[in-house]
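The next block is final-v3.cif, given as mmCIF, C-alpha atoms and all ligand atoms.
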data_model
#
loop_
_atom_site.label_atom_id
_atom_site.label_comp_id
_atom_site.auth_asym_id
_atom_site.auth_seq_id
_atom_site.Cartn_x
_atom_site.Cartn_y
_atom_site.Cartn_z
CA MET A 530 -19.41 6.69 -15.04
CA ALA A 531 -19.01 3.03 -15.92
CA VAL A 532 -15.93 1.93 -17.84
CA GLU A 533 -16.61 -0.98 -20.15
CA ILE A 534 -14.51 -4.12 -20.13
CA ASP A 535 -12.45 -4.36 -23.29
CA LYS A 536 -13.75 -7.66 -24.67
CA ASP A 537 -10.47 -8.32 -26.49
CA TRP A 538 -8.12 -7.53 -23.64
CA ARG A 539 -6.96 -11.14 -23.29
CA LYS A 540 -5.79 -11.15 -26.92
CA LYS A 541 -3.68 -8.03 -26.36
CA GLU A 542 -1.45 -9.23 -23.53
CA GLU A 543 0.18 -12.38 -22.18
CA SER A 544 -1.96 -14.40 -19.80
CA TYR A 545 -1.26 -15.21 -16.16
CA TRP A 546 -0.26 -18.73 -17.23
CA GLU A 547 2.10 -17.50 -19.95
CA ILE A 548 3.75 -15.05 -17.55
CA LYS A 549 4.20 -17.80 -14.96
CA LYS A 550 6.03 -19.90 -17.56
CA LYS A 551 8.04 -16.92 -18.85
CA TYR A 552 9.44 -16.04 -15.39
CA PRO A 553 10.28 -19.35 -13.68
CA THR A 554 12.40 -17.58 -11.04
CA VAL A 555 9.54 -15.33 -9.91
CA SER A 556 7.29 -16.88 -7.29
CA PRO A 557 3.82 -17.70 -8.66
CA PHE A 558 2.42 -16.25 -5.43
CA VAL A 559 3.97 -12.90 -6.30
CA ILE A 560 2.58 -13.05 -9.86
CA THR A 561 -0.85 -13.86 -8.44
CA GLN A 562 -0.61 -10.99 -5.96
CA ILE A 563 0.25 -8.53 -8.72
CA ASP A 564 -2.44 -9.67 -11.12
CA VAL A 565 -5.25 -9.74 -8.58
CA GLN A 566 -4.36 -6.22 -7.40
CA ARG A 567 -4.14 -5.07 -11.00
CA ARG A 568 -7.51 -6.50 -12.05
CA GLY A 569 -9.53 -6.69 -8.84
CA VAL A 570 -11.82 -9.42 -7.51
CA GLU A 571 -15.48 -10.26 -7.27
CA TYR A 572 -17.05 -12.80 -4.93
CA THR A 573 -19.62 -15.51 -5.64
CA ASP A 574 -22.43 -16.02 -3.12
CA ALA A 575 -20.74 -19.26 -2.05
CA ALA A 576 -17.52 -17.34 -1.31
CA LEU A 577 -19.45 -14.73 0.69
CA ASP A 578 -21.17 -17.52 2.63
CA LYS A 579 -17.71 -18.45 3.92
CA VAL A 580 -17.26 -15.03 5.54
CA ASP A 581 -17.76 -15.23 9.29
CA PRO A 582 -17.72 -11.77 10.93
CA ALA A 583 -16.91 -13.44 14.25
CA ILE A 584 -13.61 -14.60 12.74
CA HIS A 585 -12.82 -12.44 9.75
CA GLN A 586 -12.13 -8.77 9.09
CA THR A 587 -14.92 -7.63 6.81
CA ASP A 588 -16.01 -4.80 4.55
CA PRO A 589 -19.45 -4.07 3.10
CA TYR A 590 -20.00 -5.66 -0.31
CA GLY A 591 -23.38 -4.50 -1.58
CA GLU A 592 -25.90 -5.89 0.89
CA ARG A 593 -23.42 -8.45 2.18
CA LEU A 594 -20.01 -8.66 3.86
CA ALA A 595 -16.80 -9.54 2.03
CA PRO A 596 -13.44 -10.37 3.60
CA ALA A 597 -11.42 -7.19 4.12
CA SER A 598 -8.60 -8.71 2.07
CA LEU A 599 -7.02 -12.01 1.04
CA LEU A 600 -4.01 -14.07 2.01
CA LEU A 601 -2.22 -16.61 -0.18
CA ARG A 602 -0.92 -19.93 1.17
CA ASP A 603 2.64 -18.63 1.57
CA GLY A 604 1.57 -15.57 3.62
CA THR A 605 1.48 -13.11 0.71
CA SER A 606 -1.28 -10.56 1.27
CA ILE A 607 -3.53 -9.23 -1.43
CA ILE A 608 -5.18 -5.95 -0.54
CA THR A 609 -8.61 -6.06 -2.12
CA HIS A 610 -10.80 -3.61 -0.26
CA PHE A 611 -9.97 -0.88 -2.75
CA VAL A 612 -10.02 -3.33 -5.59
CA PHE A 613 -13.46 -4.79 -5.29
CA SER A 614 -14.93 -1.33 -5.21
CA THR A 615 -13.35 -1.01 -8.63
CA ALA A 616 -14.94 -4.21 -9.76
CA LYS A 617 -18.38 -3.42 -8.40
CA ARG A 618 -18.93 0.28 -8.96
CA THR A 619 -17.05 1.21 -12.04
CA LYS A 620 -15.63 -1.44 -14.28
CA ASN A 621 -12.00 -2.14 -14.68
CA SER A 622 -11.19 -2.48 -18.36
CA ARG A 623 -10.32 -6.13 -17.66
CA GLU A 624 -12.49 -8.73 -15.92
CA PRO A 625 -11.71 -9.09 -12.24
CA TYR A 626 -10.72 -12.42 -10.71
CA LEU A 627 -13.48 -14.42 -9.10
CA VAL A 628 -13.32 -15.76 -5.54
CA ASP A 629 -15.41 -18.93 -5.48
CA VAL A 630 -15.79 -22.16 -3.51
CA VAL A 631 -14.79 -25.46 -5.12
CA ASP A 632 -14.83 -28.73 -3.14
CA ASP A 633 -15.34 -26.66 -0.01
CA ARG A 634 -12.09 -24.75 -0.64
CA ILE A 635 -12.07 -20.98 -1.21
CA VAL A 636 -10.26 -20.41 -4.48
CA LEU A 637 -9.27 -17.70 -6.93
CA VAL A 638 -10.62 -18.40 -10.40
CA ASP A 639 -9.83 -16.77 -13.72
CA ASP A 640 -11.42 -17.69 -17.04
CA ASP A 641 -12.82 -20.88 -15.45
CA ARG A 642 -9.39 -22.06 -14.22
CA ILE A 643 -8.49 -22.32 -10.56
CA ILE A 644 -5.41 -20.26 -9.71
CA ASP A 645 -4.95 -21.11 -6.04
CA GLU A 646 -6.54 -21.35 -2.65
CA VAL A 647 -7.04 -18.10 -0.69
CA ILE A 648 -7.55 -17.38 3.00
CA TYR A 649 -9.66 -14.57 4.44
CA TRP A 650 -7.89 -12.20 6.84
CA GLU A 651 -8.71 -13.02 10.45
CA LYS A 652 -9.37 -10.29 12.96
CA PRO A 653 -7.48 -9.86 16.21
CA LYS A 654 -9.34 -10.10 19.53
CA PHE A 655 -9.25 -6.37 20.30
CA TYR A 656 -11.38 -5.63 17.21
CA ASP A 657 -14.65 -6.07 19.09
CA LYS A 658 -13.66 -3.89 22.04
CA LYS A 659 -14.20 -0.17 22.53
CA THR A 660 -12.04 2.55 24.07
CA SER A 661 -13.26 4.47 27.13
CA PHE A 662 -14.32 7.18 24.63
CA GLY A 663 -16.71 4.68 23.02
CA THR A 664 -14.66 4.33 19.80
CA PRO A 665 -14.39 0.80 18.37
CA MET A 666 -10.73 -0.11 18.84
CA GLN A 667 -10.46 -1.24 15.22
CA GLU A 668 -11.06 2.39 14.21
CA VAL A 669 -7.99 3.43 16.19
CA VAL A 670 -5.65 0.64 15.11
CA ASP A 671 -6.31 -1.88 12.38
CA ALA A 672 -4.54 -5.09 11.64
CA ARG A 673 -3.00 -6.68 8.62
CA PRO A 674 -1.95 -10.31 8.86
CA GLN A 675 1.60 -9.33 9.83
CA ARG A 676 1.37 -5.97 11.58
CA PHE A 677 -0.77 -3.31 13.15
CA SER A 678 -1.57 -0.19 11.22
CA LEU A 679 -2.54 3.20 12.54
CA SER A 680 -3.91 6.15 10.59
CA VAL A 681 -2.62 9.29 12.29
CA ASN A 682 -4.70 11.68 10.18
CA LYS A 683 -7.85 10.72 8.30
CA TYR A 684 -7.79 13.59 5.81
CA CYS A 685 -5.10 14.63 3.36
CA HIS A 686 -4.69 18.40 3.05
CA PHE A 687 -3.40 18.22 -0.50
CA TRP A 688 -7.13 18.05 -1.30
CA ASP A 689 -7.72 21.49 0.25
CA LYS A 690 -7.14 22.98 -3.18
CA PRO A 691 -9.37 21.39 -5.81
CA GLY A 692 -7.45 19.08 -8.13
CA GLN A 693 -4.27 19.09 -6.02
CA GLY A 694 -4.63 15.56 -4.62
CA CYS A 695 -2.79 12.71 -6.32
CA LYS A 696 -4.78 11.68 -9.38
CA TYR A 697 -4.89 7.94 -8.59
CA CYS A 698 -5.95 8.53 -4.98
CA GLY A 699 -9.42 7.69 -3.74
CA ILE A 700 -8.74 8.86 -0.21
CA GLY A 701 -9.47 12.55 -0.87
CA ALA A 702 -13.21 12.20 -1.31
CA ALA A 703 -13.51 9.52 1.35
CA GLY A 704 -11.59 11.53 3.94
CA ALA A 705 -13.29 14.88 3.30
CA LYS A 706 -15.86 14.25 6.03
CA TYR A 707 -13.04 14.31 8.61
CA LYS A 708 -11.56 17.64 7.47
CA GLY A 709 -11.30 19.93 10.46
CA CYS A 710 -13.30 17.53 12.68
CA ALA A 711 -12.28 16.84 16.25
CA ASN A 712 -11.44 13.29 15.19
CA GLU A 713 -9.47 14.21 12.07
CA GLN A 714 -6.37 13.23 14.04
CA VAL A 715 -6.10 10.08 16.11
CA ASN A 716 -6.48 10.52 19.87
CA SER A 717 -3.25 9.59 21.69
CA GLU A 718 -5.13 8.56 24.82
CA GLU A 719 -7.13 6.08 22.77
CA ILE A 720 -3.90 4.73 21.24
CA ARG A 721 -2.56 4.09 24.76
CA GLU A 722 -5.69 2.15 25.65
CA VAL A 723 -5.62 0.06 22.47
CA MET A 724 -1.91 -0.68 22.91
CA GLN A 725 -2.66 -2.36 26.22
CA GLU A 726 -5.03 -4.70 24.35
CA LEU A 727 -2.56 -5.27 21.51
CA LYS A 728 -0.06 -6.62 23.99
CA LYS A 729 -2.42 -9.54 24.57
CA GLU A 730 -2.49 -10.57 20.89
CA LYS A 731 -0.51 -13.67 20.09
CA GLY A 732 2.17 -14.46 17.59
CA ARG A 733 1.74 -13.11 14.14
CA PHE A 734 2.20 -9.35 14.64
CA THR A 735 5.69 -7.97 14.09
CA GLY A 736 5.27 -4.22 14.57
CA VAL A 737 3.25 -1.07 13.96
CA VAL A 738 3.07 1.08 10.85
CA LEU A 739 1.78 4.65 11.11
CA THR A 740 0.57 6.59 8.14
CA GLY A 741 -2.15 9.08 7.23
CA GLY A 742 -3.09 12.06 5.14
CA SER A 743 -0.66 14.96 4.80
CA ILE A 744 -0.96 17.92 7.20
CA LEU A 745 0.67 20.99 5.69
CA SER A 746 0.15 23.48 8.53
CA GLY A 747 2.46 24.53 11.36
CA THR A 748 5.38 26.86 11.98
CA GLU A 749 6.88 25.38 8.82
CA LEU A 750 5.54 22.96 6.22
CA CYS A 751 4.30 19.71 7.82
CA GLU A 752 5.26 20.76 11.36
CA ASP A 753 1.79 19.80 12.62
CA GLU A 754 2.11 16.47 10.80
CA LEU A 755 5.45 15.86 12.50
CA GLN A 756 3.92 16.60 15.91
CA ALA A 757 1.00 14.26 15.20
CA TYR A 758 3.43 11.40 14.46
CA ILE A 759 5.51 12.17 17.54
CA ASN A 760 2.41 12.16 19.75
CA ALA A 761 1.12 8.92 18.24
CA LEU A 762 4.49 7.16 18.43
CA GLN A 763 4.97 8.17 22.04
CA ALA A 764 1.54 6.70 22.81
CA VAL A 765 2.44 3.48 20.94
CA GLY A 766 5.71 3.36 22.88
CA THR A 767 3.87 3.05 26.20
CA ALA A 768 3.37 -0.65 25.38
CA PHE A 769 7.13 -1.31 25.06
CA THR A 770 9.87 -1.51 27.67
CA THR A 771 12.64 -0.55 25.22
CA LYS A 772 13.18 2.94 23.79
CA LYS A 773 13.11 1.67 20.20
CA PHE A 774 10.39 -0.70 19.02
CA PRO A 775 9.53 -2.27 15.63
CA SER A 776 7.77 0.52 13.81
CA GLN A 777 7.50 2.45 10.60
CA VAL A 778 6.20 5.87 9.63
CA ASN A 779 5.00 6.59 6.11
CA SER A 780 4.54 10.37 6.03
CA THR A 781 4.98 13.36 3.78
CA ALA A 782 8.71 13.95 3.17
CA LEU A 783 9.91 15.67 6.35
CA ASN A 784 12.99 17.90 6.36
CA GLU A 785 16.24 17.06 8.13
CA ARG A 786 15.38 18.83 11.37
CA GLN A 787 11.96 17.19 11.47
CA LEU A 788 13.39 13.74 10.72
CA THR A 789 15.93 14.15 13.50
CA ARG A 790 13.18 15.01 15.97
CA LEU A 791 11.10 12.07 14.78
CA TYR A 792 14.03 9.72 15.37
CA GLU A 793 15.22 11.15 18.66
CA GLU A 794 11.91 11.81 20.39
CA THR A 795 10.24 8.49 19.59
CA GLY A 796 10.91 4.77 19.39
CA LEU A 797 10.63 4.80 15.59
CA THR A 798 12.96 2.42 13.75
CA SER A 799 12.13 2.80 10.04
CA TYR A 800 10.90 5.52 7.75
CA THR A 801 9.33 5.76 4.33
CA THR A 802 8.02 8.59 2.23
CA ASP A 803 6.64 7.81 -1.19
CA LEU A 804 7.77 9.66 -4.30
CA GLU A 805 4.85 7.90 -6.07
CA VAL A 806 6.25 8.42 -9.60
CA PHE A 807 9.87 8.06 -10.75
CA ASP A 808 9.80 10.86 -13.32
CA GLU A 809 9.74 14.54 -12.42
CA THR A 810 7.44 15.75 -15.21
CA ILE A 811 4.90 13.00 -14.60
CA TYR A 812 5.18 13.51 -10.82
CA LYS A 813 4.13 17.14 -11.31
CA TRP A 814 1.12 16.05 -13.34
CA VAL A 815 0.02 13.09 -11.18
CA CYS A 816 0.81 14.56 -7.74
CA PRO A 817 0.36 18.33 -8.21
CA GLY A 818 -0.15 19.05 -4.50
CA LYS A 819 3.03 17.28 -3.50
CA ALA A 820 4.99 18.92 -6.30
CA ALA A 821 3.69 22.40 -5.36
CA HIS A 822 5.04 22.06 -1.82
CA ILE A 823 8.08 19.82 -2.16
CA SER A 824 9.99 19.60 -5.41
CA PHE A 825 11.04 16.26 -6.85
CA ASP A 826 14.71 16.92 -6.05
CA GLU A 827 13.94 18.07 -2.53
CA TRP A 828 11.86 14.92 -1.91
CA LYS A 829 14.87 12.83 -2.94
CA ARG A 830 17.22 14.91 -0.79
CA ARG A 831 14.99 14.34 2.23
CA LEU A 832 15.09 10.60 1.58
CA TYR A 833 18.90 10.69 1.54
CA LYS A 834 18.89 12.58 4.87
CA ALA A 835 16.52 9.96 6.28
CA VAL A 836 19.06 7.25 5.40
CA GLU A 837 21.72 9.15 7.37
CA ILE A 838 19.40 9.38 10.38
CA PHE A 839 17.63 5.98 10.39
CA GLY A 840 20.34 3.92 8.67
CA LYS A 841 20.63 2.06 5.38
CA GLY A 842 17.97 -0.65 5.16
CA GLN A 843 15.60 1.35 7.38
CA VAL A 844 14.42 3.82 4.74
CA ASN A 845 12.61 3.20 1.48
CA THR A 846 10.33 4.92 -0.99
CA GLY A 847 7.44 3.70 -3.06
CA ILE A 848 5.71 4.29 -6.32
CA VAL A 849 2.15 3.56 -7.34
CA SER A 850 3.32 1.41 -10.18
CA GLY A 851 1.51 1.93 -13.43
CA VAL A 852 0.47 5.57 -13.03
CA GLU A 853 3.63 6.50 -14.93
CA LEU A 854 1.78 5.17 -18.00
CA ALA A 855 -1.47 7.05 -17.40
CA LYS A 856 -2.84 8.93 -20.40
CA PRO A 857 -2.27 11.46 -21.84
CA ASN A 858 0.87 12.69 -20.05
CA GLY A 859 2.47 9.44 -18.92
CA PHE A 860 5.06 7.43 -20.82
CA ALA A 861 3.88 6.25 -24.21
CA THR A 862 5.30 2.74 -23.87
CA GLU A 863 6.02 0.24 -21.12
CA GLU A 864 9.68 0.09 -22.27
CA GLU A 865 10.15 3.84 -21.75
CA ALA A 866 8.48 3.66 -18.34
CA LEU A 867 10.67 0.78 -17.18
CA LYS A 868 13.80 2.58 -18.36
CA ALA A 869 12.88 5.69 -16.34
CA ASP A 870 11.85 3.64 -13.30
CA PHE A 871 15.13 1.74 -13.24
CA GLU A 872 17.28 4.84 -13.80
CA LEU A 873 15.79 6.63 -10.83
CA ALA A 874 15.73 3.44 -8.77
CA GLU A 875 19.50 3.13 -9.31
CA GLU A 876 20.03 6.74 -8.24
CA LEU A 877 17.98 6.30 -5.08
CA ALA A 878 19.51 2.93 -4.21
CA SER A 879 23.03 4.31 -4.69
CA HIS A 880 22.16 6.66 -1.78
CA GLY A 881 20.93 3.72 0.32
CA VAL A 882 17.19 4.20 -0.26
CA GLY A 883 15.19 0.97 -0.60
CA LEU A 884 12.53 0.52 -3.29
CA LYS A 885 8.99 -0.74 -3.20
CA HIS A 886 6.01 -0.53 -5.48
CA ASP A 887 2.31 -0.77 -4.86
CA VAL A 888 0.35 -2.09 -7.79
CA TRP A 889 -2.04 0.60 -8.96
CA ASN A 890 -5.73 -0.22 -8.53
CA VAL A 891 -7.88 2.09 -10.59
CA VAL A 892 -10.30 3.23 -7.91
CA PRO A 893 -13.68 4.69 -8.84
CA ASN A 894 -13.55 7.88 -6.80
CA SER A 895 -10.15 8.94 -8.13
CA ILE A 896 -9.42 11.44 -10.92
CA PHE A 897 -7.88 8.52 -12.85
CA PHE A 898 -11.00 6.35 -12.61
CA LYS A 899 -11.16 5.77 -16.38
CA GLN A 900 -7.53 4.72 -16.78
CA THR A 901 -6.16 1.25 -17.46
CA THR A 902 -3.23 -0.36 -15.68
CA PRO A 903 -0.24 -1.78 -17.62
CA SER A 904 0.29 -5.43 -18.53
CA LEU A 905 1.19 -8.17 -16.07
CA ASP A 906 4.49 -8.53 -17.93
CA TYR A 907 5.29 -4.89 -17.10
CA TYR A 908 4.67 -5.46 -13.42
CA VAL A 909 6.79 -8.60 -13.25
CA LYS A 910 9.70 -6.85 -14.98
CA LEU A 911 9.40 -3.93 -12.56
CA THR A 912 9.24 -6.28 -9.57
CA LYS A 913 12.37 -8.17 -10.66
CA GLY A 914 14.20 -4.96 -11.54
CA PHE A 915 13.56 -3.23 -8.23
CA TYR A 916 14.60 -6.32 -6.30
CA GLU A 917 17.80 -6.73 -8.31
CA ILE A 918 18.73 -3.06 -7.83
CA MET A 919 18.29 -3.38 -4.06
CA GLN A 920 20.52 -6.47 -4.13
CA LYS A 921 23.13 -4.67 -6.23
CA TYR A 922 23.39 -1.85 -3.70
CA GLY A 923 23.29 -4.14 -0.66
CA ILE A 924 20.04 -2.78 0.75
CA ASN A 925 18.39 -5.12 3.22
CA THR A 926 14.65 -5.66 2.67
CA GLU A 927 13.98 -6.38 6.31
CA MET A 928 11.91 -3.26 7.09
CA ASP A 929 9.11 -4.34 4.75
CA ASN A 930 9.77 -8.03 4.17
CA TYR A 931 7.16 -10.78 4.01
CA ARG A 932 7.13 -11.24 7.79
CA LYS A 933 6.55 -7.53 8.39
CA CYS A 934 4.45 -6.37 5.47
CA SER A 935 4.13 -8.63 2.39
CA MET A 936 2.35 -5.92 0.40
CA HIS A 937 5.17 -5.12 -2.00
CA ALA A 938 5.78 -7.61 -4.78
CA SER A 939 9.45 -6.66 -5.29
CA ILE A 940 10.30 -7.07 -1.62
CA ASN A 941 8.34 -10.35 -1.46
CA LEU A 942 10.89 -11.88 -3.82
CA ASP A 943 13.43 -12.03 -1.02
CA ARG A 944 12.11 -15.23 0.49
CA ILE A 945 12.58 -17.42 -2.56
S1 LIG B 1001 -0.50 12.26 -0.51
FE1 LIG B 1001 -1.54 11.81 -2.42
S2 LIG B 1001 -1.89 9.58 -2.31
FE2 LIG B 1001 -1.45 10.25 -0.23
S3 LIG B 1001 -3.48 10.63 0.67
FE3 LIG B 1001 -2.69 12.59 -0.14
S4 LIG B 1001 -3.57 12.75 -2.19
FE4 LIG B 1001 -3.77 10.61 -1.54
#
Since I need it in another form, could you write the structure as structure tokens?
Amino acid sequence: MAVEIDKDWRKKEESYWEIKKKYPTVSPFVITQIDVQRRGVEYTDAALDKVDPAIHQTDPYGERLAPASLLLRDGTSIITHFVFSTAKRTKNSREPYLVDVVDDRIVLVDDDRIIDEVIYWEKPKFYDKKTSFGTPMQEVVDARPQRFSLSVNKYCHFWDKPGQGCKYCGIGAAGAKYKGCANEQVNSEEIREVMQELKKEKGRFTGVVLTGGSILSGTELCEDELQAYINALQAVGTAFTTKKFPSQVNSTALNERQLTRLYEETGLTSYTTDLEVFDETIYKWVCPGKAAHISFDEWKRRLYKAVEIFGKGQVNTGIVSGVELAKPNGFATEEEALKADFELAEELASHGVGLKHDVWNVVPNSIFFKQTTPSLDYYVKLTKGFYEIMQKYGINTEMDNYRKCSMHASINLDRI
């Protein structure tokens, strides 16, 4: 199942250093974020020696522990826990970055050149505590550097029918063990308990994001998913004295009635539902389960309704950038893909919908495990383009900006 590194890949595309020079108005931190997510990382023994499980969030890395993810000096996060699985178990078609230690500093290295210093994500104090049910609190709520994150459902029901999950997604196989289990959905009582501990955390956390696998069942499509979010948000709300609190839901596209209930019955302030691909034909191929239940046009219509309910600047949508070029049914060239991405981005933004993209990591347990991501140049153009379109339509980036999220390269541009 291994995918070999293309030994000539560096000759076929512009390097990190060339791209940095080519785009002087794009933060080098953002370019680093994109490229590390695109290519993945590996750790030297010296870098792993710097991991302290008493301080850092960790993930298994072979026999050892690696940091759960990385932070750059300006607060930009690089999610790596999917990425290093790519680097270790299959092979990306390009070499991953190396995290090493030089002069006692933890640094990112590529082709024997130091890119920058990196910081390992620290864990909050509640991580080592358990709920009264005996569940480690970090399994109920986890933490990114800027916000808390809660998985409402651990299994995505698009995988119920073989081949219907999104083709880039590695969650289907990983979540299958939770399907139909008592703990498939998060326990609201446990959320309440963890929220009391979260209140004691200092400083850096700006809100809570809730997401999870799609639940298709109920009196109408996704009604059970809606109820799961309402229950979870009401439990989160017990830690706040105001009706509304800084929060975001990333769910399957809910209909107008469901969105209204979500807004009115909870303290939720912002909403996102990811179209994943900005081309209808490719959407049907890459996300067949989504397309079978909610058409491309209906997904867009639901986003526009969400803007009416939550307000402009409080709703956005994301793509897994790069899958639009997957073979054989994706766009043939990066130019064609960018054109389509920007056309749909304009349409969405003209209705007040914000834009974000998550750089595609080719994960080993996905249907797309043999694919290759586009060039760094492609990603920088996409990042600039999305940001400029949001500016053009006066859409505030606040709901996912660097203080609240920092995961999305295009939105990260707003602090320059
Ligand atoms: S909706 Fe698609 S990307 Fe999200 S968990 Fe389900 S299969 Fe994966």
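When all atoms listed in the file are used to measure the gap to Met936 (chain A), the shortest distance among A:Ile608, A:Ala576, A:Leu911, A:Ala595 belongs to A:Ile608.
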Taking only C-alpha atoms into account, which of A:Gln725, A:Ser799, A:Ser556, A:Ser746 comes nearest Val765 (chain A)?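 Counting only C-alpha atoms, the residue closest to Val765 (chain A) is A:Gln725.
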Is it possible to get the axis-aligned box enclosing ligand LIG 1001 (chain B) (all listed atoms, 3 Å extra per side) as JSON, with centre and edge lengths in Å rounded to one decimal?
{"center_x": -2.1, "center_y": 11.2, "center_z": -0.9, "size_x": 9.3, "size_y": 9.2, "size_z": 9.1}
Quick one: which region 774-821 of chain A residues come within 9 Å of region 921-933 of chain A, and what is the nearest atom pair for each with the distance in Å to one decimal, counting only C-alpha atoms, rows ordered by chain and ascending number, as CSV?
residue,atom,partner,partner_atom,distance
A:Pro775,CA,A:Met928,CA,8.9
A:Ser776,CA,A:Met928,CA,8.8
A:Gln777,CA,A:Met928,CA,8.0
A:Thr798,CA,A:Met928,CA,8.8
A:Ser799,CA,A:Met928,CA,6.7
A:Tyr800,CA,A:Met928,CA,8.9
Just checking: using all atoms listed in the file, which residue out of A:Ser824, A:Glu752, A:Ile644, A:Thr846 ends up closest to Val631 (chain A)? A:Ile644
Selected residue of minimal separation from ligand LIG 1001 (chain B) among A:Ser939, A:Asn682, A:Gln900, A:Asn712, counting only C-alpha atoms and all ligand atoms: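 Ranked by minimum distance to ligand LIG 1001 (chain B), first place goes to A:Asn682.
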Mind rebuilding region 679-684 of chain A with all heavy atoms and writing that out as a PDB file, keeping the file's coordinate frame?
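Final output, saved to rebuild.pdb:
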ATOM      1  N   LEU A 679      -1.882   2.105  11.828  1.00  0.00           N
ATOM      2  CA  LEU A 679      -2.540   3.200  12.540  1.00  0.00           C
ATOM      3  C   LEU A 679      -2.602   4.427  11.623  1.00  0.00           C
ATOM      4  O   LEU A 679      -1.567   4.871  11.117  1.00  0.00           O
ATOM      5  CB  LEU A 679      -1.658   3.492  13.761  1.00  0.00           C
ATOM      6  CG  LEU A 679      -2.244   4.141  14.982  1.00  0.00           C
ATOM      7  CD1 LEU A 679      -1.337   3.844  16.166  1.00  0.00           C
ATOM      8  CD2 LEU A 679      -2.384   5.613  14.797  1.00  0.00           C
ATOM      9  N   SER A 680      -3.776   4.963  11.427  1.00  0.00           N
ATOM     10  CA  SER A 680      -3.910   6.150  10.590  1.00  0.00           C
ATOM     11  C   SER A 680      -3.877   7.379  11.497  1.00  0.00           C
ATOM     12  O   SER A 680      -4.801   7.614  12.284  1.00  0.00           O
ATOM     13  CB  SER A 680      -5.227   6.097   9.806  1.00  0.00           C
ATOM     14  OG  SER A 680      -5.331   7.257   9.036  1.00  0.00           O
ATOM     15  N   VAL A 681      -2.812   8.156  11.388  1.00  0.00           N
ATOM     16  CA  VAL A 681      -2.620   9.290  12.290  1.00  0.00           C
ATOM     17  C   VAL A 681      -3.546  10.447  11.910  1.00  0.00           C
ATOM     18  O   VAL A 681      -4.040  11.174  12.756  1.00  0.00           O
ATOM     19  CB  VAL A 681      -1.135   9.720  12.269  1.00  0.00           C
ATOM     20  CG1 VAL A 681      -0.919  11.041  12.978  1.00  0.00           C
ATOM     21  CG2 VAL A 681      -0.285   8.626  12.919  1.00  0.00           C
ATOM     22  N   ASN A 682      -3.800  10.611  10.623  1.00  0.00           N
ATOM     23  CA  ASN A 682      -4.700  11.680  10.180  1.00  0.00           C
ATOM     24  C   ASN A 682      -5.603  11.150   9.064  1.00  0.00           C
ATOM     25  O   ASN A 682      -5.118  10.591   8.091  1.00  0.00           O
ATOM     26  CB  ASN A 682      -3.888  12.885   9.686  1.00  0.00           C
ATOM     27  CG  ASN A 682      -4.707  14.141   9.703  1.00  0.00           C
ATOM     28  OD1 ASN A 682      -5.172  14.544  10.767  1.00  0.00           O
ATOM     29  ND2 ASN A 682      -4.923  14.751   8.557  1.00  0.00           N
ATOM     30  N   LYS A 683      -6.899  11.351   9.227  1.00  0.00           N
ATOM     31  CA  LYS A 683      -7.850  10.720   8.300  1.00  0.00           C
ATOM     32  C   LYS A 683      -8.099  11.537   7.040  1.00  0.00           C
ATOM     33  O   LYS A 683      -8.855  11.111   6.168  1.00  0.00           O
ATOM     34  CB  LYS A 683      -9.178  10.470   9.023  1.00  0.00           C
ATOM     35  CG  LYS A 683      -9.076   9.477  10.171  1.00  0.00           C
ATOM     36  CD  LYS A 683     -10.474   9.106  10.659  1.00  0.00           C
ATOM     37  CE  LYS A 683     -10.439   8.171  11.840  1.00  0.00           C
ATOM     38  NZ  LYS A 683     -10.036   8.838  13.104  1.00  0.00           N
ATOM     39  N   TYR A 684      -7.539  12.722   6.970  1.00  0.00           N
ATOM     40  CA  TYR A 684      -7.790  13.590   5.810  1.00  0.00           C
ATOM     41  C   TYR A 684      -6.456  14.077   5.267  1.00  0.00           C
ATOM     42  O   TYR A 684      -5.547  14.390   6.041  1.00  0.00           O
ATOM     43  CB  TYR A 684      -8.672  14.777   6.217  1.00  0.00           C
ATOM     44  CG  TYR A 684      -8.820  15.814   5.127  1.00  0.00           C
ATOM     45  CD1 TYR A 684      -9.609  15.560   4.012  1.00  0.00           C
ATOM     46  CD2 TYR A 684      -8.150  17.037   5.209  1.00  0.00           C
ATOM     47  CE1 TYR A 684      -9.717  16.506   2.994  1.00  0.00           C
ATOM     48  CE2 TYR A 684      -8.274  17.982   4.211  1.00  0.00           C
ATOM     49  CZ  TYR A 684      -9.054  17.709   3.093  1.00  0.00           C
ATOM     50  OH  TYR A 684      -9.169  18.633   2.098  1.00  0.00           O
TER      51      TYR A 684
END
